[in-house]
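What follows is the content of coords_11.cif (mmCIF, C-alpha atoms and all ligand atoms).
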data_run
loop_
_atom_site.label_atom_id
_atom_site.label_comp_id
_atom_site.auth_asym_id
_atom_site.auth_seq_id
_atom_site.Cartn_x
_atom_site.Cartn_y
_atom_site.Cartn_z
CA MET A 224 0.00 0.00 0.00
CA ARG A 225 1.20 3.51 -0.71
CA TYR A 226 -0.22 7.02 -0.37
CA LEU A 227 0.32 10.61 -1.36
CA SER A 228 -1.10 14.03 -0.66
CA LEU A 229 -2.78 15.87 -3.53
CA GLY A 230 -2.61 19.04 -1.43
CA SER A 231 -3.03 19.78 2.25
CA GLY A 232 -4.00 22.94 4.13
CA SER A 233 -6.88 25.23 4.94
CA ARG A 234 -7.57 25.85 1.21
CA GLY A 235 -8.12 22.20 0.35
CA ASN A 236 -7.21 18.64 1.25
CA ALA A 237 -7.13 15.33 -0.57
CA THR A 238 -5.11 12.18 0.06
CA LEU A 239 -4.84 9.18 -2.24
CA VAL A 240 -4.22 5.67 -0.94
CA GLU A 241 -3.46 2.96 -3.48
CA TYR A 242 -3.06 -0.78 -3.17
CA ARG A 243 -2.79 -3.15 -6.13
CA SER A 244 -4.19 -0.58 -8.58
CA SER A 245 -7.28 0.12 -6.55
CA ALA A 246 -7.44 3.39 -4.68
CA LEU A 247 -9.38 5.41 -2.15
CA LEU A 248 -9.48 9.16 -2.02
CA ILE A 249 -9.75 10.70 1.43
CA ASP A 250 -11.53 14.04 1.15
CA CYS A 251 -11.75 16.30 -1.87
CA GLY A 252 -11.43 19.94 -0.96
CA PHE A 253 -10.56 20.84 -4.54
CA SER A 254 -12.61 21.41 -7.68
CA ARG A 255 -13.06 18.46 -10.01
CA ARG A 256 -10.68 20.06 -12.50
CA THR A 257 -7.92 20.58 -9.94
CA LEU A 258 -8.36 17.07 -8.55
CA LEU A 259 -8.14 15.43 -11.98
CA GLN A 260 -5.07 17.51 -12.84
CA ARG A 261 -3.35 16.50 -9.61
CA LEU A 262 -4.22 12.83 -10.08
CA GLU A 263 -2.58 13.02 -13.48
CA GLN A 264 0.51 14.69 -11.97
CA ALA A 265 0.68 11.83 -9.47
CA GLY A 266 0.55 9.27 -12.27
CA ALA A 267 -2.72 7.96 -10.83
CA SER A 268 -5.60 6.87 -13.00
CA PRO A 269 -9.10 8.07 -11.97
CA GLY A 270 -10.16 4.54 -12.93
CA TRP A 271 -8.34 3.21 -9.85
CA LEU A 272 -10.75 5.01 -7.50
CA GLN A 273 -13.14 2.74 -5.63
CA GLY A 274 -14.65 5.56 -3.61
CA VAL A 275 -14.10 8.68 -1.55
CA LEU A 276 -13.95 8.73 2.23
CA VAL A 277 -15.17 12.06 3.60
CA THR A 278 -13.94 13.16 7.03
CA HIS A 279 -16.43 16.02 7.52
CA GLU A 280 -18.40 18.72 5.75
CA HIS A 281 -15.98 21.66 5.94
CA ALA A 282 -15.30 23.03 2.46
CA ASP A 283 -11.55 22.37 2.59
CA HIS A 284 -12.45 18.64 2.73
CA ALA A 285 -15.80 18.33 0.97
CA LYS A 286 -15.97 21.02 -1.72
CA GLY A 287 -15.42 18.72 -4.70
CA ILE A 288 -16.99 15.50 -3.39
CA LEU A 289 -20.29 15.52 -5.24
CA THR A 290 -19.00 16.72 -8.60
CA VAL A 291 -16.10 14.25 -8.54
CA CYS A 292 -18.27 11.30 -7.49
CA ASP A 293 -20.99 12.16 -10.02
CA HIS A 294 -18.37 12.50 -12.75
CA LEU A 295 -16.61 9.22 -11.95
CA GLN A 296 -19.75 7.42 -10.72
CA ILE A 297 -18.04 6.24 -7.54
CA PRO A 298 -19.54 6.11 -4.03
CA PHE A 299 -18.66 8.47 -1.19
CA TYR A 300 -18.62 7.36 2.43
CA THR A 301 -19.53 9.66 5.31
CA SER A 302 -21.10 9.57 8.76
CA PHE A 303 -24.82 10.25 8.93
CA GLY A 304 -24.17 13.66 10.48
CA THR A 305 -21.80 14.69 7.71
CA ALA A 306 -24.23 13.55 4.99
CA ARG A 307 -27.05 15.43 6.67
CA LYS A 308 -24.95 18.59 6.81
CA MET A 309 -23.92 18.11 3.15
CA ASP A 310 -27.61 17.70 2.31
CA CYS A 311 -27.02 14.44 0.47
CA LEU A 312 -28.94 11.81 2.47
CA GLU A 313 -30.89 10.98 -0.69
CA HIS A 314 -27.88 10.87 -2.98
CA PRO A 315 -27.62 7.49 -4.75
CA LEU A 316 -23.82 7.38 -4.36
CA TRP A 317 -23.82 8.04 -0.59
CA ARG A 318 -22.79 5.19 1.73
CA CYS A 319 -23.17 5.57 5.49
CA ILE A 320 -20.28 4.62 7.76
CA ARG A 321 -20.10 4.61 11.56
CA SER A 322 -17.32 5.16 14.04
CA CYS A 323 -15.71 1.89 15.24
CA GLU A 324 -17.35 -0.17 12.45
CA THR A 325 -14.80 -1.37 9.93
CA VAL A 326 -15.86 -1.24 6.29
CA LYS A 327 -14.17 -3.18 3.50
CA ILE A 328 -13.72 -1.31 0.24
CA GLY A 329 -11.93 -3.25 -2.49
CA SER A 330 -8.75 -4.70 -0.98
CA MET A 331 -8.63 -2.21 1.90
CA LYS A 332 -10.30 -2.19 5.31
CA VAL A 333 -11.25 1.19 6.73
CA LEU A 334 -11.75 1.93 10.42
CA PRO A 335 -13.60 5.24 10.97
CA VAL A 336 -12.57 7.00 14.19
CA VAL A 337 -14.61 9.75 15.84
CA VAL A 338 -12.61 12.90 16.65
CA PRO A 339 -13.32 16.14 18.53
CA HIS A 340 -13.82 18.84 15.88
CA ASP A 341 -16.44 21.54 15.34
CA ALA A 342 -18.30 19.67 12.60
CA HIS A 343 -21.46 17.55 12.80
CA GLU A 344 -20.12 14.01 13.07
CA PRO A 345 -16.48 14.12 11.96
CA LEU A 346 -14.52 10.93 11.38
CA GLN A 347 -10.88 10.21 10.62
CA PHE A 348 -9.56 6.96 9.19
CA VAL A 349 -7.19 4.07 9.77
CA ILE A 350 -6.77 2.13 6.51
CA GLU A 351 -5.42 -1.41 6.38
CA SER A 352 -4.41 -3.36 3.29
CA ASP A 353 -5.21 -7.07 3.19
CA ASP A 354 -1.51 -7.85 3.73
CA GLY A 355 -1.74 -6.18 7.14
CA HIS A 356 -0.15 -2.77 6.61
CA LYS A 357 -1.86 0.15 8.34
CA LEU A 358 -2.00 3.84 7.48
CA GLY A 359 -3.52 6.34 9.93
CA ILE A 360 -4.87 9.61 8.58
CA LEU A 361 -5.65 12.24 11.19
CA SER A 362 -6.49 15.92 10.81
CA ASP A 363 -9.07 18.43 11.97
CA LEU A 364 -9.22 17.70 15.68
CA GLY A 365 -8.71 19.99 18.64
CA SER A 366 -7.61 17.52 21.26
CA LEU A 367 -6.51 13.93 21.79
CA THR A 368 -8.89 11.43 23.36
CA PRO A 369 -7.84 8.02 24.74
CA HIS A 370 -10.22 6.43 22.20
CA LEU A 371 -8.49 7.94 19.19
CA VAL A 372 -4.99 7.39 20.52
CA ASP A 373 -5.87 3.69 20.93
CA ALA A 374 -7.29 3.53 17.41
CA TYR A 375 -4.07 4.87 15.85
CA ARG A 376 -1.73 2.53 17.74
CA GLY A 377 -0.02 -0.02 15.52
CA CYS A 378 0.05 2.06 12.32
CA HIS A 379 3.04 1.63 9.99
CA ALA A 380 2.56 5.13 8.54
CA LEU A 381 0.75 8.25 9.69
CA GLN A 382 -0.43 11.42 8.05
CA VAL A 383 -1.18 13.84 10.83
CA GLU A 384 -1.98 17.54 11.21
CA ALA A 385 0.23 20.14 12.85
CA ASN A 386 -2.02 23.11 12.26
CA HIS A 387 -0.72 26.02 14.27
CA ASP A 388 1.86 27.47 16.56
CA PRO A 389 -0.06 28.88 19.55
CA VAL A 390 2.01 32.09 19.73
CA MET A 391 1.64 32.79 16.00
CA LEU A 392 -2.10 32.07 16.27
CA GLN A 393 -2.51 34.52 19.16
CA ASN A 394 -0.49 37.23 17.35
CA GLY A 395 -1.92 36.42 13.92
CA PRO A 396 -4.63 37.98 11.75
CA TYR A 397 -7.63 35.82 12.76
CA PRO A 398 -10.53 37.53 14.59
CA PRO A 399 -10.66 36.69 18.34
CA SER A 400 -13.59 34.26 17.98
CA LEU A 401 -11.76 32.26 15.31
CA LYS A 402 -8.57 32.17 17.41
CA VAL A 403 -10.58 30.66 20.26
CA ARG A 404 -12.16 28.12 17.91
CA VAL A 405 -8.90 26.99 16.30
CA ALA A 406 -7.09 26.69 19.64
CA GLY A 407 -10.03 25.00 21.40
CA ASP A 408 -10.67 21.32 22.10
CA TYR A 409 -12.83 21.10 18.94
CA GLY A 410 -10.47 23.06 16.69
CA HIS A 411 -7.09 21.93 15.34
CA LEU A 412 -3.93 20.37 16.74
CA SER A 413 -1.02 22.69 17.51
CA ASN A 414 2.53 21.61 16.72
CA GLU A 415 3.06 20.49 20.32
CA GLN A 416 -0.20 18.51 20.41
CA CYS A 417 0.88 16.80 17.20
CA ALA A 418 4.25 15.91 18.77
CA ASP A 419 2.39 14.54 21.80
CA PHE A 420 0.20 12.40 19.55
CA ILE A 421 3.23 11.00 17.69
CA ARG A 422 4.94 10.12 20.98
CA ARG A 423 1.83 8.36 22.22
CA VAL A 424 1.34 6.16 19.14
CA SER A 425 5.00 5.54 18.26
CA TRP A 426 6.17 1.93 18.14
CA PRO A 427 9.02 0.18 16.35
CA GLY A 428 6.83 -0.66 13.35
CA LEU A 429 6.08 3.00 12.55
CA SER A 430 8.21 3.78 9.51
CA ARG A 431 6.76 6.99 8.06
CA VAL A 432 5.08 10.15 9.32
CA THR A 433 3.94 12.93 7.02
CA VAL A 434 2.60 16.21 8.37
CA GLY A 435 -0.19 18.27 6.85
CA HIS A 436 -2.94 20.87 7.32
CA ILE A 437 -0.21 23.38 8.27
CA SER A 438 -1.69 26.86 8.57
CA GLU A 439 -0.20 29.40 6.18
CA LYS A 440 -1.06 32.27 8.54
CA ASN A 441 -0.59 30.75 11.98
CA ASN A 442 2.39 28.47 11.52
CA HIS A 443 5.74 28.20 9.80
CA PRO A 444 7.36 25.07 8.36
CA ASP A 445 10.50 25.64 10.47
CA LEU A 446 8.44 25.69 13.67
CA VAL A 447 6.64 22.48 12.70
CA ALA A 448 9.89 20.71 11.90
CA GLN A 449 11.49 21.92 15.12
CA ALA A 450 8.51 20.87 17.25
CA LEU A 451 8.24 17.39 15.72
CA SER A 452 11.87 16.38 15.26
CA GLY A 453 12.15 15.23 18.88
CA ALA A 454 9.04 13.04 18.71
CA LEU A 455 10.15 11.65 15.35
CA GLN A 456 13.76 11.21 16.50
CA CYS A 457 15.09 12.81 13.34
CA GLN A 458 16.67 16.06 12.24
CA PRO A 459 14.24 18.96 11.62
CA GLU A 460 15.13 18.95 7.91
CA ASP A 461 14.00 15.31 7.66
CA VAL A 462 10.45 15.98 8.89
CA ILE A 463 8.16 15.50 5.87
CA LEU A 464 5.81 18.48 5.47
CA LEU A 465 2.93 18.38 2.99
CA GLU A 466 2.14 21.44 0.92
CA GLN A 467 -1.07 23.18 -0.06
CA ASP A 468 -0.39 23.49 -3.77
CA LEU A 469 1.90 20.56 -4.47
CA VAL A 470 1.36 16.86 -5.06
CA SER A 471 3.68 15.02 -2.69
CA ASP A 472 5.86 12.00 -3.42
CA TRP A 473 4.36 8.55 -3.03
CA TYR A 474 5.02 7.09 0.41
CA GLN A 475 5.10 3.35 0.98
CA VAL A 476 3.24 1.96 3.99
CA GLN A 477 5.55 -0.74 5.19
CA VAL A 478 7.05 -2.20 8.31
CA ALA A 479 10.01 -0.21 9.58
CA SER A 480 13.30 -1.89 8.83
CA VAL A 481 15.15 -2.88 11.98
CA THR A 482 18.28 -0.82 12.54
CA GLN A 483 21.09 -2.11 14.71
ZN ZN B 1 -9.68 21.20 7.49
ZN ZN B 2 -12.55 21.04 9.64
#
Please express what this file holds, its structure, as structure tokens.
Ligand SMILES: [Zn+2]
Ligand SMILES: [Zn+2]
Amino acid sequence: MRYLSLGSGSRGNATLVEYRSSALLIDCGFSRRTLLQRLEQAGASPGWLQGVLVTHEHADHAKGILTVCDHLQIPFYTSFGTARKMDCLEHPLWRCIRSCETVKIGSMKVLPVVVPHDAHEPLQFVIESDDGHKLGILSDLGSLTPHLVDAYRGCHALQVEANHDPVMLQNGPYPPSLKVRVAGDYGHLSNEQCADFIRRVSWPGLSRVTVGHISEKNNHPDLVAQALSGALQCQPEDVILLEQDLVSDWYQVQVASVTQ
């Protein structure tokens, strides 16, 4: 199994996970045109897509869902609350998923995990290939719960958010109410919260961590790298940061090789 980011940040998110030429898209916060262009850049065929997993209804995750799914005639999977908020309970391509209930899509198993975020019934996902490799995707949450930390234990790769630096957020351009929201328990993870999460789910089998949803106004790549290098036990320049407007490399989800 391998994955890549088709763009990550407050202006749009989409992640592609591929295993044996079948693929799942997680979120589509881009227009259909942009998504198809980025798939092409990634060398990925739209024909691989078995469906789209939707984390929640915010536009940076859901903007392109309906047009992309209608165009490709593929199903999209959301919680009931998200579908209700997206006004698509009657949509023929909608499939309902529930937290803690694994769903099998093609050759991948998906575990939806409920997270604290200011949306209607947000979910994040742990995806497992049928050869036992696990990828955890986690963004848009304001705090860590024991439930979600448990759910992400045992992943071989993680894509996680490091949204803001608290000092930059406080001194930044957002109105006071939005600062409170972003920093709150139902907002987004700060760099330090992200480092805490990585420490709590780290195990010898974890071979790859990529970091996304980095705020362009309330964070800086150097601060993210600095904050996470300790938890990742690597140099700051080796922390992998995803970008808003760039398709990332492909990352393999595999067992970490044992180093002596
Ligand atoms: Zn978001
Ligand atoms: Zn959100």
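Considering all atoms listed in the file, the residues that reside within 8 Å of ligand ZN 1 (chain B) can be listed as Gly232, Ser233, Gly235, Asn236, His281, Ala282, Asp283, His284, Ser362, Asp363 and His436 of chain A.
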request  = Might you pull out every residue within 12 Å of region 268-274 of chain A, with only C-alpha atoms counted and same-chain residues fewer than 6 positions away left off, and present them as a ChimeraX atom specification?
outcome  = /A:238-251,255,258-262,288-289,291-301,316-318,327-331,333
message = Considering all atoms listed in the file, can you say which of A:Gly287, A:Gly304, A:Pro345, A:Gly266 comes closest to ligand ZN 2 (chain B)?
response =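 Closest candidate: A:Pro345.
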task = Excluding Leu401 (chain A) and any residue of its chain fewer than 3 positions from it, enumerate the residues within 12 Å of it, using only C-alpha atoms, and give them as a ChimeraX atom specification.
result = /A:341,392-393,395-398,404-407,409-411,441
Within 12 Å of region 468-479 of chain A, which residues of region 380-437 of chain A show up? Give each one with its shortest atom-to-atom distance in Å (one decimal) and the two atoms involved, counting only C-alpha atoms, rows by chain then rising residue number, as JSON lines.
{"residue": "A:Ala380", "atom": "CA", "partner": "A:Val476", "partner_atom": "CA", "distance": 5.6}
{"residue": "A:Leu381", "atom": "CA", "partner": "A:Val476", "partner_atom": "CA", "distance": 8.8}
{"residue": "A:Gln382", "atom": "CA", "partner": "A:Tyr474", "partner_atom": "CA", "distance": 10.3}
{"residue": "A:Ser425", "atom": "CA", "partner": "A:Ala479", "partner_atom": "CA", "distance": 11.6}
{"residue": "A:Trp426", "atom": "CA", "partner": "A:Ala479", "partner_atom": "CA", "distance": 9.6}
{"residue": "A:Pro427", "atom": "CA", "partner": "A:Ala479", "partner_atom": "CA", "distance": 6.9}
{"residue": "A:Gly428", "atom": "CA", "partner": "A:Ala479", "partner_atom": "CA", "distance": 5.0}
{"residue": "A:Leu429", "atom": "CA", "partner": "A:Ala479", "partner_atom": "CA", "distance": 5.9}
{"residue": "A:Ser430", "atom": "CA", "partner": "A:Ala479", "partner_atom": "CA", "distance": 4.4}
{"residue": "A:Arg431", "atom": "CA", "partner": "A:Val476", "partner_atom": "CA", "distance": 7.4}
{"residue": "A:Val432", "atom": "CA", "partner": "A:Tyr474", "partner_atom": "CA", "distance": 9.4}
{"residue": "A:Thr433", "atom": "CA", "partner": "A:Tyr474", "partner_atom": "CA", "distance": 8.9}
{"residue": "A:Val434", "atom": "CA", "partner": "A:Ser471", "partner_atom": "CA", "distance": 11.2}
{"residue": "A:Gly435", "atom": "CA", "partner": "A:Ser471", "partner_atom": "CA", "distance": 10.8}
{"residue": "A:His436", "atom": "CA", "partner": "A:Asp468", "partner_atom": "CA", "distance": 11.7}
note = Taken to one decimal, the CA of Thr257 (chain A)-CA of Leu364 (chain A) distance is 25.8 Å
task = Just give me the gap between CA of Cys417 (chain A) and CA of Ala385 (chain A) in Å, one decimal is fine.
result =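 The value is 5.5 Å.
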message = At a cut-off of 7 Å, using only C-alpha atoms, what residues contact His387 (chain A)? Leave out same-chain residues fewer than 2 positions from it and give the result as a ChimeraX atom specification.
response = /A:385,389,392,412-414,437-438,441-442
Go ahead and write the selection's residues with C-alpha atoms as a CSV table (one decimal), keeping the file's coordinate frame.
chain,number,residue,atom,x,y,z
A,385,ALA,CA,0.2,20.1,12.8
A,389,PRO,CA,-0.1,28.9,19.6
A,392,LEU,CA,-2.1,32.1,16.3
A,412,LEU,CA,-3.9,20.4,16.7
A,413,SER,CA,-1.0,22.7,17.5
A,414,ASN,CA,2.5,21.6,16.7
A,437,ILE,CA,-0.2,23.4,8.3
A,438,SER,CA,-1.7,26.9,8.6
A,441,ASN,CA,-0.6,30.8,12.0
A,442,ASN,CA,2.4,28.5,11.5
request  = Tell me which protein, DNA and RNA residues are within 6 Å of Ala448 (chain A), counting only C-alpha atoms, leaving out same-chain ones fewer than 3 positions away, and put them as a list in words.
outcome  =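 The residues that qualify are Asp445, Leu451, Ser452, Pro459 and Val462 of chain A.
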Would you put the residues from that selection into a file with C-alpha atoms, as a tab-separated table (two decimals), keeping the file's coordinate frame?
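Writing the result to part.tsv gives the following:
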chain	number	residue	atom	x	y	z
A	445	ASP	CA	10.50	25.64	10.47
A	451	LEU	CA	8.24	17.39	15.72
A	452	SER	CA	11.87	16.38	15.26
A	459	PRO	CA	14.24	18.96	11.62
A	462	VAL	CA	10.45	15.98	8.89
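Note that the spacing between CA of Gly252 (chain A) and CA of Arg225 (chain A) amounts to 20.7 Å.
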query = So which residues touch Leu334 (chain A) within 7 Å, counting all atoms listed in the file, skipping near sequence neighbours fewer than 3 positions away, as a list in words?
reply = Cys323, Glu324, Thr325, Val326, Phe348, Val349 and Ile350 of chain A
request  = Would you mind telling me which residue in A:Glu384, A:Glu263, A:Asp408, A:Glu415 lies nearest to Leu464 (chain A) when using all atoms listed in the file?
outcome  = A:Glu384
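Comparing the minimum interatomic distances between ligand ZN 2 (chain B) and each of A:Lys308, A:Lys357, A:His340, A:Lys332, counting all atoms listed in the file, we find that A:His340 sits nearest.
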